[in-house]
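Student: Dropping a structure here in structure tokens format, bear with me for questions.
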Amino acid sequence: METLELRQHLAVAATSLRSCLEQYRAAGIQVLPASATAEVPDAAVPAGTEETGSATDLGQLRQILGDCRRCKLSHGRTHLVFGVGNPHADVMFVGEGPGRDEDLQGEPFVGRAGQLLTDIITKGMKLRREEVYIANVVKCRPPRNRDPEPDEVASCEPFLIRQIELVKPRVIIALGKFAAQTLVRSAAPISRLRGQWHDYHGIRLMPTFHPAYLLRNPGDKGLVWEDIKSVLRELRDTGFETAVT
Ligand code: URA
């Protein structure tokens, strides 16, 4: 298992364990007998972490994911939404999880929010959508677009981690609060996380507002443009040719 994967594995397990203990506390359980500690649900152990490490390309990783039934999100999905784009992209976008359109089409960011993301990529960054890589934290649509739950993230995140390891982007752009907080392991609001560079195991990571948020709050588009300009500066400073000056 690679170091990044192992560290993420432990971080995911810690997050799941904390959430489980919070649920016990909320249920009025203050003390756990030694035997009960062994009954922490499977959610604490991300399924598939070992298997993802064996994939040497995205095609193999997709095969390992297969007709995934690793978590309850699989029950309601139409299509699993793996990811799309250049397998060696310099820029990788990570969203939260598929919405209705994505679930129907099997591709990330194809609904209204996706159209806005495409505009950011093509009109703002002057890149083609096929030049970047786009994925989500969870690959199946959460019911009624609720936030993914810790056990669902724990099951799915090894696949995102391996996608990042295989694509090896120069920059990750985390779209919205959920993706940013998950990747950065922070509970800080997106308004504080955005606009700042974060380190994702040696990869520069810029959180920004989710395009769906921008559809509801178009007045914040300028802040996203600031974040995108930081990304373009970073790419240019590391030798990437961009059409934007
Ligand atoms: N929102 C997301 O976070 N991801 C998608 O793929 C679509 C909408």
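Just remember, in the structure tokens the first chain shown is A, the second B, etc., residues are 1-based per chain, and ligands are 1-based in the order shown.
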Please identify the residues whose atoms come within 10 Å of ligand 1, using only C-alpha atoms and all ligand atoms, and report them as a ChimeraX atom specification.
Tutor: /A:81-83,93-103,106-115,117,134-141,145,147,174-179,210-213
Student: I need the residues from that last selection saved to file as a CSV table (one decimal), in the first residue's frame (with C-alpha atoms), if you can.
Tutor:
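Dumped to again_3.csv:
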```
chain,number,residue,atom,x,y,z
A,81,VAL,CA,-20.2,7.9,-12.2
A,82,PHE,CA,-16.5,7.1,-12.2
A,83,GLY,CA,-14.7,10.2,-13.7
A,93,PHE,CA,-11.5,18.9,-10.4
A,94,VAL,CA,-13.1,17.0,-7.5
A,95,GLY,CA,-16.8,17.5,-6.7
A,96,GLU,CA,-19.0,15.9,-4.1
A,97,GLY,CA,-21.1,13.3,-5.8
A,98,PRO,CA,-23.3,12.8,-8.8
A,99,GLY,CA,-26.6,14.7,-9.0
A,100,ARG,CA,-29.7,13.6,-11.0
A,101,ASP,CA,-28.3,14.3,-14.5
A,102,GLU,CA,-25.0,12.7,-13.7
A,103,ASP,CA,-26.7,9.6,-12.3
A,106,GLY,CA,-23.0,8.3,-16.0
A,107,GLU,CA,-20.7,11.3,-16.4
A,108,PRO,CA,-19.8,13.9,-13.7
A,109,PHE,CA,-20.9,17.5,-14.0
A,110,VAL,CA,-23.3,17.4,-16.9
A,111,GLY,CA,-26.3,19.2,-15.4
A,112,ARG,CA,-26.7,22.9,-15.0
A,113,ALA,CA,-23.8,23.1,-12.5
A,114,GLY,CA,-21.8,21.0,-14.9
A,115,GLN,CA,-22.5,23.5,-17.7
A,117,LEU,CA,-18.1,24.2,-14.6
A,134,ILE,CA,-13.2,15.5,-13.3
A,135,ALA,CA,-14.2,13.2,-10.5
A,136,ASN,CA,-16.3,13.1,-7.3
A,137,VAL,CA,-15.7,12.0,-3.8
A,138,VAL,CA,-18.5,9.5,-4.1
A,139,LYS,CA,-19.4,7.8,-7.3
A,140,CYS,CA,-23.1,7.1,-6.8
A,141,ARG,CA,-25.8,9.7,-6.3
A,145,ASN,CA,-28.6,15.0,-3.2
A,147,ASP,CA,-24.3,15.0,1.7
A,174,ALA,CA,-11.9,21.0,-4.8
A,175,LEU,CA,-15.4,22.1,-5.7
A,176,GLY,CA,-17.5,23.1,-2.7
A,177,LYS,CA,-17.5,22.6,1.0
A,178,PHE,CA,-17.9,18.8,1.0
A,179,ALA,CA,-15.1,18.0,-1.4
A,210,HIS,CA,-19.2,24.7,-6.0
A,211,PRO,CA,-20.8,25.7,-9.4
A,212,ALA,CA,-24.2,24.8,-7.9
A,213,TYR,CA,-23.6,27.4,-5.2
```
Student: From the DSSP assignment of the backbone, select every residue of range 68-224 of chain A that is strand (DSSP E or B), and format the answer as a ChimeraX atom specification.
Tutor: /A:84-85,91-95,133-136,171-175,198-200,203-208
Student: If I take CA of Met125 in chain A and CA of Arg204 in chain A, how far is one from the other in Å, to one decimal?
Tutor: 17.1 Å
Student: Suppose you want the space between CA of Gly195 in chain A and CA of Lys221 in chain A; what is it in Å?
Tutor: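 So the two atoms, CA of Gly195 in chain A and CA of Lys221 in chain A, lie 12.6 Å apart.
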Student: Under the rule that only C-alpha atoms are counted, which of A:Arg216, A:Leu160, A:Lys123, A:Pro143 is the nearest residue to Thr78 in chain A?
Tutor: A:Pro143
Student: Can you tell me how far CA of Lys229 in chain A sits from CA of Ile120 in chain A, in Å to one decimal?
Tutor: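 Distance reported for this atom pair: 10.9 Å.
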Student: Taking 5 positions as the minimum chain separation for residues in the same chain, which residues sit within 9 Å of range 88-90 of chain A when counting only C-alpha atoms? Answer as an MDAnalysis selection string.
Tutor: chainID A and resid 130:133 166:172 235 240
